[in-house]
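Below is one structure; the comments refer to it alone.
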Amino acid sequence: MVERSLLRRVTAGLVPAIPYLWLGVLFLVPFLIVLKISLSDPAVAQPPYKPVFEWGDIAGFFGALDLENFELLTQDDLYFRATLSSVRIAAFSTLLLLLVGFPIAYGMARAPERVRSLLVALVILPFWTSFLIRIYAWVAILKPEGLLTQALTGLGLIAQPLDILNTETAVYIGIVYAYLPFMVLPLYATLEKMDDTLLEAALDLGSPPWRSFWTITVPLAMPGIVAGSLLCFIPAVGEFVIPDLLGGSETLMIGRQLWSEFFSNRDWPLASAVAILLLIILVVPIVIYRDVEARRVEGRP
Amino acid sequence: MNRRLSLFNVTSLVIGFAFLYLPILLLVIYSFNASRLVTVWGGFSTHWYGALFRNEALLEAAWVTLRIALLSATLATVLGTLAALALTRYGRFPGRTLFTGMVYAPMVMPEVITGLSLLLFFVAVDLDRGFWTITLAHTTLTMCFVTVVVQSRLMTFDRSLEEAAMDLGAPPLRTFFSVTLPLIAPSIVAGFLLAFTLSMDDLVIASFNAGPGATTLPIKIYSQVRLGLSPEVNAASAILIGIVTLGVIGATLLSKRSVLRSRRTAH
């Protein structure tokens with residue numbers, strides 16, 4: 001009997017222990033390694049960095065670390081510009097996503113109840129199809145001789161081919177397209193629960209619709225607006241595929257910089273330093289997001 | 001409640017859904033294009049599908065991707081379900097804050113960071129890059145999504161059923177397998193499918209962790225796209241879209257049926 005209850009307690013303990021251990025080893029430890037390598041020197045070797053950790057040589061370990069890579073990041077204004085333009089592009093895309101997503105989410109929330117679950121499924125469905133393929137589809141549309149130019153010249157709206165591909169505009173279109181479900185779904189979730197009688201009351205009291213919208217709908221939708229914006233902003237800052245396929249060589253983004261440091265320049269320590277930089281930019285939004293999400297899932301107020 | 005769609009609502013829905021679906025639709029249509037030029041219509045043809053099935057490098061990559069997706073989604077489903085149980089049934093265990101942090105962070109973390117950090121880890125522990133490193137990386141990422149899906153089901157779940165089973169003398173493991181598991185099964189299936197598609201789809205993390213021996217389909221497609229548009233990629237994309245559409249329709253029908261069945265038993 002004693003043996004059985006011990007066994008039971010061990011099994012019970014395993015439930016949190018196994019995923020905890022997995023994430024600890026494959027999520028937390030890798031981060032510490034990135035941090036460590038960002039502080040070490042590059043080497044022409046395989047792997048291309050100097051190992052700075054020897055067991056038992058703690059003093060030597062700390063002695064070998066330096067901020068050289070980070071100094072390099074501050075000296076070359078390429079990284080500064082890339083950081084700035086990533087944040088700018090992500091922030092502006094998030095704003096666009098709100099502008100595009102809100103009317104869709106609002107329309108979904110006002111649709112008859114039996115169509116609503118179908119509409120939700122229709123928003124989710126593109127998310128299940130490959131991200132890469134959805135971005136690839138836009139290459140064919142936005143190219144100078146592409147489908148958009150063909151359609152618009154066919155309609156007689158433009159005479160010259162549109163030159164959108166490989167510009168920042170194409171990146172905005174790509175981000176809005178790819179992230180739209182992440183914006184629409186949290187917005188819909190809050191708008192769907194909204195009490196319509198509030199709007200009716202405001203209308204009865206003589207408030208014009210735009211005013212009711214700003215004073216009632218927007219504040220009530222705030223949790224959805226915050227969740228959706230963070231869900232789009234955070235990954236957009238580090239986006240690689242969209243600027244790479246749609247943005248052309250001029251679009252600077254930090255995720256792309258990391259990729260080229262790693263794959264083209266094979267400077268792993270510098271790539272790690274860029275990763276740490278990206279993480280520093282994102283740590284505050286990620287913490288807020290985690291809080292919002294934990295509150296939403298666990299239903300705490 | 002009197003909810004009516006205004007003209008504005010209908011317009012925004014129509015434009016919104018057209019925006020979401022038109023590019024995919026165009027891609028599928030142009031996969032049947034006879035012309036080698038991707039954006040010039042040259043008549044209907046299934047030529048590129050034939051070419052696709054004779055492209056052995058692409059088929060090989062598809063097979064690797066499928067195996068990685070199946071294995072990593074299975075592992076992620078087990079780990080994610082355990083994590084969801086830990087978060088909903090264990091109250092405040094030591095290190096819970098760190099644990100929730102580790103569950104939520106990978107979902108929003110830019111993929112370049114996750115990919116790079118895992119690669120550096122695999123190099124540090126001297127694991128050869130290839131099939132297994134991609135599988136481990138995908139498991140780590142996708143288990144977090146499974147956790148959230150299963151967790152939201154466990155939150156809305158009637159605990160009195162479990163308590164009744166325990167009162168009747170069922171040991172915890174038995175209670176789990178005969179009461180809890182069947183009830184949360186739909187969310188576990190949904191979590192598995194989500195993990196599977198995320199793994200099939202991933203380019204960035206796979207690129208960092210792929211070795212010479214294992215190239216996945218997204219890596220292959222990406223390198224082709226960089227060289228220029230190709231009708232073969234259109235055909236491959238159309239097939240993937242078709243599989244996903246069938247899968248989603250199937251899953252919807254299945255869940256409809258299970259909802260109907262549970263409603264019938266409830267009455």
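The way I read the labels, and the way they are meant: chains A, B, ... in the order of the structure tokens, residue 1 as the first residue of every chain, and ligand 1 as the first ligand shown, with later ones counted on from there.
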Within 6 Å of chain A, which residues of chain B are there when counting only C-alpha atoms? Please give them as a ChimeraX atom specification. /B:3,5,9,12-13,23,27,39,79,82-83,86,108,110,113,117-118,121,201,241
Q. Contacts of range 42-55 of chain B at 7 Å or less, counting only C-alpha atoms, minus same-chain residues fewer than 2 places along, as a ChimeraX atom specification?
A. /B:32-35,40,57-59,231-232,235
Just to be explicit: take each residue in the selection above, keep all heavy atoms, and write the result as a PDB file, in the first residue's frame.
```
ATOM      1  N   PHE B  32      -2.942  25.514 -62.632  1.00  0.00           N
ATOM      2  CA  PHE B  32      -3.424  24.770 -63.801  1.00  0.00           C
ATOM      3  C   PHE B  32      -3.080  25.491 -65.101  1.00  0.00           C
ATOM      4  O   PHE B  32      -3.678  25.239 -66.138  1.00  0.00           O
ATOM      5  CB  PHE B  32      -4.939  24.555 -63.723  1.00  0.00           C
ATOM      6  CG  PHE B  32      -5.332  23.641 -62.604  1.00  0.00           C
ATOM      7  CD1 PHE B  32      -5.891  24.146 -61.442  1.00  0.00           C
ATOM      8  CD2 PHE B  32      -5.149  22.266 -62.723  1.00  0.00           C
ATOM      9  CE1 PHE B  32      -6.254  23.299 -60.406  1.00  0.00           C
ATOM     10  CE2 PHE B  32      -5.511  21.414 -61.693  1.00  0.00           C
ATOM     11  CZ  PHE B  32      -6.062  21.935 -60.531  1.00  0.00           C
ATOM     12  N   ASN B  33      -2.119  26.413 -65.010  1.00  0.00           N
ATOM     13  CA  ASN B  33      -1.750  27.210 -66.166  1.00  0.00           C
ATOM     14  C   ASN B  33      -0.784  26.420 -67.057  1.00  0.00           C
ATOM     15  O   ASN B  33       0.169  25.821 -66.580  1.00  0.00           O
ATOM     16  CB  ASN B  33      -1.070  28.478 -65.652  1.00  0.00           C
ATOM     17  CG  ASN B  33      -0.811  29.482 -66.734  1.00  0.00           C
ATOM     18  OD1 ASN B  33      -1.089  29.220 -67.901  1.00  0.00           O
ATOM     19  ND2 ASN B  33      -0.282  30.631 -66.352  1.00  0.00           N
ATOM     20  N   ALA B  34      -1.048  26.428 -68.364  1.00  0.00           N
ATOM     21  CA  ALA B  34      -0.164  25.693 -69.278  1.00  0.00           C
ATOM     22  C   ALA B  34       1.141  26.431 -69.502  1.00  0.00           C
ATOM     23  O   ALA B  34       2.164  25.832 -69.808  1.00  0.00           O
ATOM     24  CB  ALA B  34      -0.864  25.463 -70.613  1.00  0.00           C
ATOM     25  N   SER B  35       1.102  27.759 -69.342  1.00  0.00           N
ATOM     26  CA  SER B  35       2.282  28.562 -69.645  1.00  0.00           C
ATOM     27  C   SER B  35       3.355  28.401 -68.566  1.00  0.00           C
ATOM     28  O   SER B  35       3.063  28.177 -67.397  1.00  0.00           O
ATOM     29  CB  SER B  35       1.878  30.035 -69.756  1.00  0.00           C
ATOM     30  OG  SER B  35       3.009  30.846 -69.660  1.00  0.00           O
ATOM     31  N   VAL B  40       1.055  34.713 -66.716  1.00  0.00           N
ATOM     32  CA  VAL B  40       0.387  34.833 -68.009  1.00  0.00           C
ATOM     33  C   VAL B  40      -0.410  33.562 -68.263  1.00  0.00           C
ATOM     34  O   VAL B  40       0.147  32.461 -68.247  1.00  0.00           O
ATOM     35  CB  VAL B  40       1.408  35.035 -69.152  1.00  0.00           C
ATOM     36  CG1 VAL B  40       0.691  35.151 -70.494  1.00  0.00           C
ATOM     37  CG2 VAL B  40       2.254  36.268 -68.895  1.00  0.00           C
ATOM     38  N   ALA B  57      13.595  15.292 -55.830  1.00  0.00           N
ATOM     39  CA  ALA B  57      14.118  16.076 -54.705  1.00  0.00           C
ATOM     40  C   ALA B  57      12.968  16.668 -53.887  1.00  0.00           C
ATOM     41  O   ALA B  57      12.986  16.654 -52.652  1.00  0.00           O
ATOM     42  CB  ALA B  57      15.018  17.189 -55.219  1.00  0.00           C
ATOM     43  N   LEU B  58      11.947  17.146 -54.611  1.00  0.00           N
ATOM     44  CA  LEU B  58      10.802  17.752 -53.943  1.00  0.00           C
ATOM     45  C   LEU B  58      10.003  16.692 -53.174  1.00  0.00           C
ATOM     46  O   LEU B  58       9.576  16.910 -52.039  1.00  0.00           O
ATOM     47  CB  LEU B  58       9.916  18.442 -54.984  1.00  0.00           C
ATOM     48  CG  LEU B  58       9.211  19.709 -54.533  1.00  0.00           C
ATOM     49  CD1 LEU B  58      10.220  20.752 -54.096  1.00  0.00           C
ATOM     50  CD2 LEU B  58       8.360  20.262 -55.649  1.00  0.00           C
ATOM     51  N   LEU B  59       9.823  15.524 -53.792  1.00  0.00           N
ATOM     52  CA  LEU B  59       9.081  14.444 -53.139  1.00  0.00           C
ATOM     53  C   LEU B  59       9.806  13.972 -51.881  1.00  0.00           C
ATOM     54  O   LEU B  59       9.191  13.739 -50.842  1.00  0.00           O
ATOM     55  CB  LEU B  59       8.896  13.269 -54.098  1.00  0.00           C
ATOM     56  CG  LEU B  59       7.930  13.491 -55.247  1.00  0.00           C
ATOM     57  CD1 LEU B  59       7.794  12.225 -56.075  1.00  0.00           C
ATOM     58  CD2 LEU B  59       6.560  13.921 -54.729  1.00  0.00           C
ATOM     59  N   PRO B 231       5.879  27.414 -61.816  1.00  0.00           N
ATOM     60  CA  PRO B 231       4.557  26.802 -61.804  1.00  0.00           C
ATOM     61  C   PRO B 231       4.519  25.522 -60.967  1.00  0.00           C
ATOM     62  O   PRO B 231       3.480  25.162 -60.423  1.00  0.00           O
ATOM     63  CB  PRO B 231       4.297  26.481 -63.277  1.00  0.00           C
ATOM     64  CG  PRO B 231       5.366  27.142 -64.050  1.00  0.00           C
ATOM     65  CD  PRO B 231       6.477  27.463 -63.142  1.00  0.00           C
ATOM     66  N   GLU B 232       5.692  24.863 -60.850  1.00  0.00           N
ATOM     67  CA  GLU B 232       5.727  23.656 -60.030  1.00  0.00           C
ATOM     68  C   GLU B 232       5.424  23.963 -58.573  1.00  0.00           C
ATOM     69  O   GLU B 232       4.741  23.200 -57.889  1.00  0.00           O
ATOM     70  CB  GLU B 232       7.116  23.020 -60.117  1.00  0.00           C
ATOM     71  CG  GLU B 232       7.140  21.754 -60.923  1.00  0.00           C
ATOM     72  CD  GLU B 232       8.558  21.253 -61.092  1.00  0.00           C
ATOM     73  OE1 GLU B 232       9.142  20.842 -60.081  1.00  0.00           O
ATOM     74  OE2 GLU B 232       9.072  21.287 -62.210  1.00  0.00           O
ATOM     75  N   ALA B 235       1.809  24.316 -58.148  1.00  0.00           N
ATOM     76  CA  ALA B 235       1.128  23.026 -58.064  1.00  0.00           C
ATOM     77  C   ALA B 235       1.308  22.410 -56.675  1.00  0.00           C
ATOM     78  O   ALA B 235       0.342  21.927 -56.069  1.00  0.00           O
ATOM     79  CB  ALA B 235       1.660  22.088 -59.141  1.00  0.00           C
TER      80      ALA B 235
END
```
How close does each residue of range 188-222 of chain B get to range 130-153 of chain B, giving the shortest atom pair and distance in Å to one decimal for every residue with an atom at most 8 Å away, counting only C-alpha atoms, sorted by chain and residue number, as a tab-separated table?
```
residue	atom	partner	partner_atom	distance
B:Ile188	CA	B:Val150	CA	6.0
B:Ala190	CA	B:Val149	CA	7.5
B:Gly191	CA	B:Val146	CA	4.4
B:Phe192	CA	B:Val146	CA	6.8
B:Leu194	CA	B:Val146	CA	7.4
B:Ala195	CA	B:Thr142	CA	5.0
B:Leu198	CA	B:Thr142	CA	7.0
B:Ser199	CA	B:His138	CA	5.9
B:Ile205	CA	B:Ala137	CA	7.3
B:Ala206	CA	B:Ile134	CA	5.7
B:Asn209	CA	B:Ile134	CA	5.6
B:Ala210	CA	B:Gly130	CA	4.8
B:Gly211	CA	B:Gly130	CA	4.2
B:Pro212	CA	B:Gly130	CA	6.9
B:Gly213	CA	B:Gly130	CA	5.9
B:Ala214	CA	B:Gly130	CA	5.1
B:Thr215	CA	B:Gly130	CA	7.9
```
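CA of Val248 in chain B lies 21.1 Å from CA of Gly80 in chain B.
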**Asked** In Å, with one decimal, what is the gap from CA of Pro186 in chain A to CA of Val120 in chain A?
**Response**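 Going from CA of Pro186 in chain A over to CA of Val120 in chain A covers 11.0 Å.
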Q: Output as number ranges by chain all residues of range 32-265 of chain B that backbone DSSP marks as helix (DSSP H, G or I).
A: B: 47-54, 56-89, 96-108, 111-124, 131-155, 159-167, 172-201, 204-209, 217-227, 231-265
A straight line from CA of Arg92 in chain B to CA of Ala189 in chain A spans 28.2 Å
Which residue gives the smallest distance to Glu71 in chain A among A:Leu198, A:Leu39, A:Leu162, A:Leu203, with only C-alpha atoms counted?
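Closest to Glu71 in chain A of all the choices is A:Leu39.
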